[in-house]
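Below: one structure, written as structure tokens.
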Amino acid sequence: IAILVIVGLIFISKMFGSNNASDTNSNQLYPVRTITHAHGLGVGITDSNKLYIATHHGLLVLINEKDLYKVGKSEDDYMGFSPHPMNSQIFFSSGHPSRGGNIGFQKSEDGGFNWKIISLGIEGPVDFHAMAVSSANPEIIYGWYQGNLQRSENGGKSWSIANSELQHIVFMATDPKDENVVYAATVQGLMVSRNKGKDWSQLSDDLTGTQVSGIAVNPKEPEKMLSFSSKLKLAKSNDAGKTWQKINENFNDETPLYIAYDRQNPNVVYTITEAQKVYKSVDGGSTWKIIY
């Protein structure tokens with residue numbers, strides 16, 4: 001009997017231990033060769049040699065522009081992904097568990113190795129396909145789900161409906177100095193809100209009525225921005241998005257999906273295309289070269 005009890009305890013310990021967030025086996029990097037179905041992009045806050053790529057099958061990190069790894073064991077689909085603007089160990093995500101369904105809103109505090117659900121969101125579990133954490137105040141977080149823009153002002157613990165009138169939001173970005181300002185790339189143009197997502201207006205006549213799929217704001221000089229649209233393709237602005245100038249770069253006829261600035265050196269910018277290729281610019285987005 002004693003032997004059976006001991007064996008049973010060992011079995012239970014192993015069974016529950018495999019789901020423990022402190023499981024050392026999940027705190028590892030696993031080498032991979034290819035990027036599959038990217039959903040987000042972010043440069044390491046304190047280590048610019050790390051480029052994080054949220055994908056349909058977990059979180060990847062490209063180190064030194066040549067070594068690609070999977071972060072931890074998770075195979076979840078991170079449709080929404082936002083790094084914390086000040087803490088290199090914190091990431092936020094939403095999307096779908098590998099087993100199916102919706103994740104809700106979750107957070108990692110150990111560099112993306114392990115995740116904890118913070119909230120289900122409104123009418124959740126939500127699946128934020130577009131999500132943004134305020135660069136000026138990380139307690140403010142936005143997520144778009146089923147036609148509603150949700151907003152949290154306490155780090156994702158609770159949510160309210162900020163707006164229900166915007167058409168499909170593809171991507172969001174925030175102002176690094178003004179917590180009230182948030183941008184939305186939509187099928188109807190590039191929109192801006194100056195009251196935390198409540199009211200919206202077209203940011204620029206240059207992009208009104210065209211589908212905008214990408215937007216990035218320089219983390220040190222917010223008047224400098226990059227966008228990608230069906231009208232101008234890749235374009236830059238030096239006046240906070242009022243006017244835009246087309247950048248003559250075709251990315252080998254691939255379509256850029258996500259754009260991310262290096263917060264330490266904003267002259268360095270990355271993008272990943274629909275062909276799952278990573279490009280880098282060292283002049284603020286004017287010229288690009290493929291790195292992976």
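Here, A, B, ... name the chains of the structure tokens in the order displayed, residue numbers run from 1 inside each chain, and ligands are numbered from 1 in the same displayed order.
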Within 7 Å of range 58-61 of chain A, counting only C-alpha atoms, which residues show up once you throw out same-chain ones fewer than 6 positions away? Write them as a compact mmCIF listing (two decimals) with all heavy atoms, in the first residue's frame, please.
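File written: out19.txt
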```txt
# COMPACT_ATOMS: atom_id res chain seq x y z
N LYS A 50 17.76 41.76 -30.23
CA LYS A 50 16.65 40.81 -30.19
C LYS A 50 15.43 41.41 -30.89
O LYS A 50 14.96 42.49 -30.51
CB LYS A 50 16.30 40.45 -28.75
CG LYS A 50 17.40 39.67 -28.03
CD LYS A 50 16.98 39.33 -26.60
CE LYS A 50 18.07 38.53 -25.89
NZ LYS A 50 17.69 38.21 -24.49
N LEU A 51 14.95 40.71 -31.90
CA LEU A 51 13.73 41.11 -32.60
C LEU A 51 12.68 40.04 -32.35
O LEU A 51 12.83 38.88 -32.76
CB LEU A 51 14.00 41.26 -34.10
CG LEU A 51 12.80 41.69 -34.95
CD1 LEU A 51 12.38 43.11 -34.60
CD2 LEU A 51 13.12 41.57 -36.44
N TYR A 52 11.60 40.42 -31.67
CA TYR A 52 10.55 39.47 -31.32
C TYR A 52 9.48 39.44 -32.40
O TYR A 52 9.05 40.49 -32.89
CB TYR A 52 9.94 39.83 -29.97
CG TYR A 52 10.88 39.60 -28.81
CD1 TYR A 52 11.71 40.63 -28.35
CD2 TYR A 52 10.96 38.37 -28.18
CE1 TYR A 52 12.60 40.42 -27.31
CE2 TYR A 52 11.84 38.15 -27.12
CZ TYR A 52 12.65 39.19 -26.70
OH TYR A 52 13.53 38.97 -25.67
N LEU A 68 17.51 32.28 -35.16
CA LEU A 68 16.07 32.31 -34.91
C LEU A 68 15.69 31.23 -33.90
O LEU A 68 16.07 30.06 -34.05
CB LEU A 68 15.31 32.11 -36.22
CG LEU A 68 13.79 32.24 -36.17
CD1 LEU A 68 13.40 33.67 -35.84
CD2 LEU A 68 13.18 31.81 -37.50
N TYR A 69 14.93 31.63 -32.88
CA TYR A 69 14.53 30.70 -31.82
C TYR A 69 13.03 30.85 -31.52
O TYR A 69 12.46 31.92 -31.68
CB TYR A 69 15.30 30.97 -30.52
CG TYR A 69 16.79 30.80 -30.61
CD1 TYR A 69 17.61 31.89 -30.89
CD2 TYR A 69 17.38 29.55 -30.40
CE1 TYR A 69 18.98 31.75 -30.97
CE2 TYR A 69 18.76 29.40 -30.47
CZ TYR A 69 19.55 30.50 -30.75
OH TYR A 69 20.92 30.36 -30.83
N LYS A 70 12.47 29.78 -31.03
CA LYS A 70 11.13 29.82 -30.45
C LYS A 70 11.28 30.07 -28.96
O LYS A 70 12.09 29.43 -28.29
CB LYS A 70 10.42 28.49 -30.70
CG LYS A 70 8.96 28.47 -30.27
CD LYS A 70 8.32 27.18 -30.75
CE LYS A 70 6.91 27.07 -30.23
NZ LYS A 70 6.87 26.91 -28.77
N VAL A 71 10.50 31.00 -28.43
CA VAL A 71 10.59 31.36 -27.01
C VAL A 71 9.65 30.46 -26.21
O VAL A 71 8.43 30.60 -26.26
CB VAL A 71 10.22 32.84 -26.80
CG1 VAL A 71 10.35 33.21 -25.32
CG2 VAL A 71 11.10 33.73 -27.65
N SER A 74 5.16 27.30 -25.84
CA SER A 74 3.80 27.62 -26.27
C SER A 74 3.65 27.62 -27.79
O SER A 74 4.48 28.18 -28.51
CB SER A 74 3.37 28.98 -25.73
OG SER A 74 2.11 29.34 -26.26
N GLU A 75 2.56 26.99 -28.25
CA GLU A 75 2.22 26.98 -29.67
C GLU A 75 1.00 27.86 -29.94
O GLU A 75 0.37 27.77 -31.00
CB GLU A 75 1.92 25.54 -30.12
CG GLU A 75 3.11 24.60 -30.04
CD GLU A 75 4.11 24.83 -31.17
OE1 GLU A 75 3.73 25.45 -32.17
OE2 GLU A 75 5.27 24.37 -31.03
N ASP A 76 0.65 28.72 -28.99
CA ASP A 76 -0.54 29.55 -29.13
C ASP A 76 -0.39 30.57 -30.26
O ASP A 76 0.73 30.97 -30.63
CB ASP A 76 -0.83 30.29 -27.82
CG ASP A 76 -1.27 29.35 -26.71
OD1 ASP A 76 -1.58 28.18 -27.01
OD2 ASP A 76 -1.29 29.77 -25.54
N ASP A 77 -1.53 30.99 -30.79
CA ASP A 77 -1.59 31.95 -31.89
C ASP A 77 -1.73 33.35 -31.30
O ASP A 77 -2.79 33.70 -30.76
CB ASP A 77 -2.79 31.61 -32.78
CG ASP A 77 -2.94 32.54 -33.95
OD1 ASP A 77 -2.10 33.45 -34.11
OD2 ASP A 77 -3.92 32.39 -34.70
N TYR A 78 -0.69 34.17 -31.39
CA TYR A 78 -0.71 35.52 -30.82
C TYR A 78 -1.14 36.52 -31.88
O TYR A 78 -0.34 37.20 -32.50
CB TYR A 78 0.67 35.88 -30.26
CG TYR A 78 1.14 34.94 -29.17
CD1 TYR A 78 2.43 34.42 -29.17
CD2 TYR A 78 0.28 34.55 -28.14
CE1 TYR A 78 2.86 33.55 -28.17
CE2 TYR A 78 0.70 33.68 -27.15
CZ TYR A 78 1.99 33.18 -27.17
OH TYR A 78 2.41 32.32 -26.19
```
Report as number ranges by chain all protein, DNA and RNA residues lying within 10 Å of range 243-257 of chain A, evaluated on only C-alpha atoms, omitting residues in the same chain fewer than 6 positions from it.
A: 38-41, 170-171, 203-207, 213-215, 225-237, 270-279, 285-290
Please dump the current selection as a short mmCIF file (atom, residue, chain, number, x, y, z; two decimals), in the first residue's frame; keep C-alpha atoms.
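And here is the file that came out, selection37.cif:
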```cif
data_model
loop_
_atom_site.label_atom_id
_atom_site.label_comp_id
_atom_site.auth_asym_id
_atom_site.auth_seq_id
_atom_site.Cartn_x
_atom_site.Cartn_y
_atom_site.Cartn_z
CA ALA A 38 3.68 36.51 -38.36
CA HIS A 39 1.18 38.59 -36.38
CA GLY A 40 3.40 41.14 -34.63
CA LEU A 41 6.86 42.61 -34.30
CA VAL A 170 -5.97 46.41 -38.76
CA PHE A 171 -3.30 47.81 -36.46
CA LEU A 203 -5.36 62.03 -39.60
CA SER A 204 -4.39 62.95 -43.15
CA ASP A 205 -6.07 63.75 -46.46
CA ASP A 206 -3.21 61.85 -48.10
CA LEU A 207 -4.55 58.55 -46.73
CA SER A 213 -2.47 48.20 -42.86
CA GLY A 214 0.56 49.42 -40.90
CA ILE A 215 1.56 52.36 -38.73
CA MET A 225 5.96 58.17 -38.54
CA LEU A 226 5.87 55.33 -41.05
CA SER A 227 2.79 53.81 -42.66
CA PHE A 228 1.85 51.29 -45.30
CA SER A 229 -1.28 51.76 -47.40
CA SER A 230 -2.84 50.57 -50.63
CA LYS A 231 -2.44 54.10 -52.06
CA LEU A 232 1.12 55.14 -51.20
CA LYS A 233 2.58 51.78 -50.15
CA LEU A 234 5.38 52.53 -47.67
CA ALA A 235 5.41 56.22 -46.74
CA LYS A 236 6.93 58.53 -44.13
CA SER A 237 5.70 61.62 -42.34
CA TYR A 270 12.34 46.60 -38.97
CA THR A 271 9.46 45.23 -41.01
CA ILE A 272 8.23 41.75 -41.81
CA THR A 273 6.43 41.04 -45.06
CA GLU A 274 3.66 38.68 -46.13
CA ALA A 275 6.41 36.41 -47.45
CA GLN A 276 7.66 36.16 -43.83
CA LYS A 277 10.89 37.96 -44.71
CA VAL A 278 12.48 40.43 -42.30
CA TYR A 279 13.89 43.73 -43.59
CA GLY A 285 12.89 53.86 -43.14
CA SER A 286 14.20 55.46 -46.33
CA THR A 287 16.18 52.41 -47.53
CA TRP A 288 15.93 48.73 -46.62
CA LYS A 289 17.80 45.44 -46.85
CA ILE A 290 16.67 41.91 -46.17
#
```
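Coordinates place CA of Lys196 in chain A at a distance of 11.2 Å from CA of Asn137 in chain A.
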Gap from CA of Met131 in chain A to CA of Asn267 in chain A - Å, one decimal
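The value is 24.1 Å.
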Counting only C-alpha atoms, figure out which residue out of A:Pro176, A:Gly143, A:Gly209, A:Gly197 gets nearest to Pro222 in chain A.
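Nearest to Pro222 in chain A: A:Pro176.
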So which bits of range 18-198 of chain A end up strand (DSSP E or B) when you DSSP the backbone, as a PyMOL selection string?
chain A and resi 29-31+38-43+50-55+58-63+67-71+77-83+91-96+105-108+116-119+130-133+141-145+148-152+160-163+169-174+182-186+189-193
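Between Asn195 in chain A and the candidates A:Ile117, A:Val182, A:Val133, A:Leu166, the tightest atom-to-atom separation, counting only C-alpha atoms, involves A:Val182.
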Hey, can you check how far CA of Ile259 in chain A sits from CA of Asn87 in chain A?
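Taking CA of Ile259 in chain A and CA of Asn87 in chain A, their separation equals 19.8 Å.
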Residues within 12 Å of range 93-100 of chain A, only C-alpha atoms, excluding chain neighbours under 6 positions, as a PyMOL selection string
chain A and resi 39-41+53-59+73-84+106-109+112+114-121+124-133+141-145+156
Calculated over only C-alpha atoms, which of the candidates A:Gln188, A:Asn265, A:Thr174, A:Gln150 has the smallest distance to Ser281 in chain A?
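Closest residue, counting only C-alpha atoms: A:Asn265.
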Please provide as a compact mmCIF listing (two decimals) with all heavy atoms, in the first residue's frame all residues within 9 Å of Asn163 in chain A, with the sequence filter that same-chain residues fewer than 3 positions apart are discarded (counting only C-alpha atoms).
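File produced: selection11.txt:
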```
# COMPACT_ATOMS: atom_id res chain seq x y z
N GLY A 147 -15.98 44.39 -33.54
CA GLY A 147 -16.54 45.70 -33.86
C GLY A 147 -16.45 46.74 -32.76
O GLY A 147 -16.88 47.88 -32.95
N ASN A 148 -15.89 46.39 -31.62
CA ASN A 148 -15.76 47.33 -30.51
C ASN A 148 -14.30 47.56 -30.15
O ASN A 148 -13.52 46.60 -30.08
CB ASN A 148 -16.49 46.81 -29.27
CG ASN A 148 -17.99 46.78 -29.44
OD1 ASN A 148 -18.59 47.72 -29.96
ND2 ASN A 148 -18.61 45.68 -29.03
N LEU A 149 -13.95 48.82 -29.92
CA LEU A 149 -12.63 49.13 -29.40
C LEU A 149 -12.71 49.15 -27.88
O LEU A 149 -13.41 50.00 -27.31
CB LEU A 149 -12.15 50.49 -29.92
CG LEU A 149 -10.79 50.94 -29.37
CD1 LEU A 149 -9.68 49.99 -29.81
CD2 LEU A 149 -10.47 52.37 -29.80
N GLN A 150 -12.03 48.22 -27.25
CA GLN A 150 -12.02 48.15 -25.80
C GLN A 150 -10.77 48.86 -25.26
O GLN A 150 -9.73 48.88 -25.90
CB GLN A 150 -12.04 46.70 -25.33
CG GLN A 150 -13.26 45.92 -25.79
CD GLN A 150 -13.34 44.53 -25.18
OE1 GLN A 150 -12.78 44.26 -24.11
NE2 GLN A 150 -14.07 43.64 -25.85
N ARG A 151 -10.93 49.42 -24.06
CA ARG A 151 -9.80 50.13 -23.44
C ARG A 151 -9.71 49.75 -21.96
O ARG A 151 -10.71 49.66 -21.26
CB ARG A 151 -10.00 51.65 -23.55
CG ARG A 151 -8.86 52.47 -22.91
CD ARG A 151 -9.19 53.96 -22.92
NE ARG A 151 -10.35 54.24 -22.10
CZ ARG A 151 -11.35 55.05 -22.47
NH1 ARG A 151 -11.35 55.63 -23.64
NH2 ARG A 151 -12.38 55.26 -21.65
N LEU A 166 -15.83 52.69 -35.28
CA LEU A 166 -14.75 52.49 -36.23
C LEU A 166 -14.95 51.21 -37.02
O LEU A 166 -15.35 50.19 -36.47
CB LEU A 166 -13.40 52.41 -35.50
CG LEU A 166 -12.71 53.72 -35.14
CD1 LEU A 166 -11.39 53.41 -34.44
CD2 LEU A 166 -12.46 54.58 -36.35
N GLY A 197 -9.21 57.10 -27.43
CA GLY A 197 -10.01 56.17 -28.23
C GLY A 197 -11.49 56.44 -28.28
O GLY A 197 -12.22 55.70 -28.94
N LYS A 198 -11.97 57.50 -27.65
CA LYS A 198 -13.40 57.78 -27.64
C LYS A 198 -13.86 58.34 -28.98
O LYS A 198 -14.81 57.84 -29.59
CB LYS A 198 -13.74 58.74 -26.51
CG LYS A 198 -15.23 59.09 -26.45
CD LYS A 198 -15.52 60.07 -25.32
CE LYS A 198 -17.01 60.42 -25.31
NZ LYS A 198 -17.31 61.43 -24.24
N ASP A 199 -13.23 59.40 -29.44
CA ASP A 199 -13.61 60.06 -30.68
C ASP A 199 -12.47 59.96 -31.68
O ASP A 199 -11.30 60.08 -31.31
CB ASP A 199 -13.96 61.54 -30.44
CG ASP A 199 -15.08 61.71 -29.43
OD1 ASP A 199 -16.17 61.17 -29.68
OD2 ASP A 199 -14.85 62.36 -28.39
N TRP A 200 -12.83 59.80 -32.96
CA TRP A 200 -11.83 59.57 -34.00
C TRP A 200 -12.05 60.48 -35.20
O TRP A 200 -13.18 60.86 -35.51
CB TRP A 200 -11.87 58.11 -34.46
CG TRP A 200 -11.44 57.15 -33.41
CD1 TRP A 200 -12.20 56.65 -32.39
CD2 TRP A 200 -10.13 56.58 -33.25
NE1 TRP A 200 -11.46 55.79 -31.62
CE2 TRP A 200 -10.18 55.73 -32.12
CE3 TRP A 200 -8.94 56.69 -33.96
CZ2 TRP A 200 -9.09 54.99 -31.68
CZ3 TRP A 200 -7.84 55.96 -33.53
CH2 TRP A 200 -7.91 55.13 -32.40
```
Do you know which residues are at most 9 Å from Asp283 in chain A counting only C-alpha atoms, after dropping those on the same chain fewer than 6 positions away, and could you put them as a count of residues only?
4
Can you tell me which residues surround Gly72 in chain A at a distance of at most 6 Å, considering only C-alpha atoms, apart from same-chain residues fewer than 6 positions away, and format the answer as a VMD selection string?
chain A and resid 26 to 29 113
Counting only C-alpha atoms, figure out which residue out of A:Asn238, A:Gln89, A:Thr186, A:Asn49 gets nearest to Gly111 in chain A.
A:Gln89
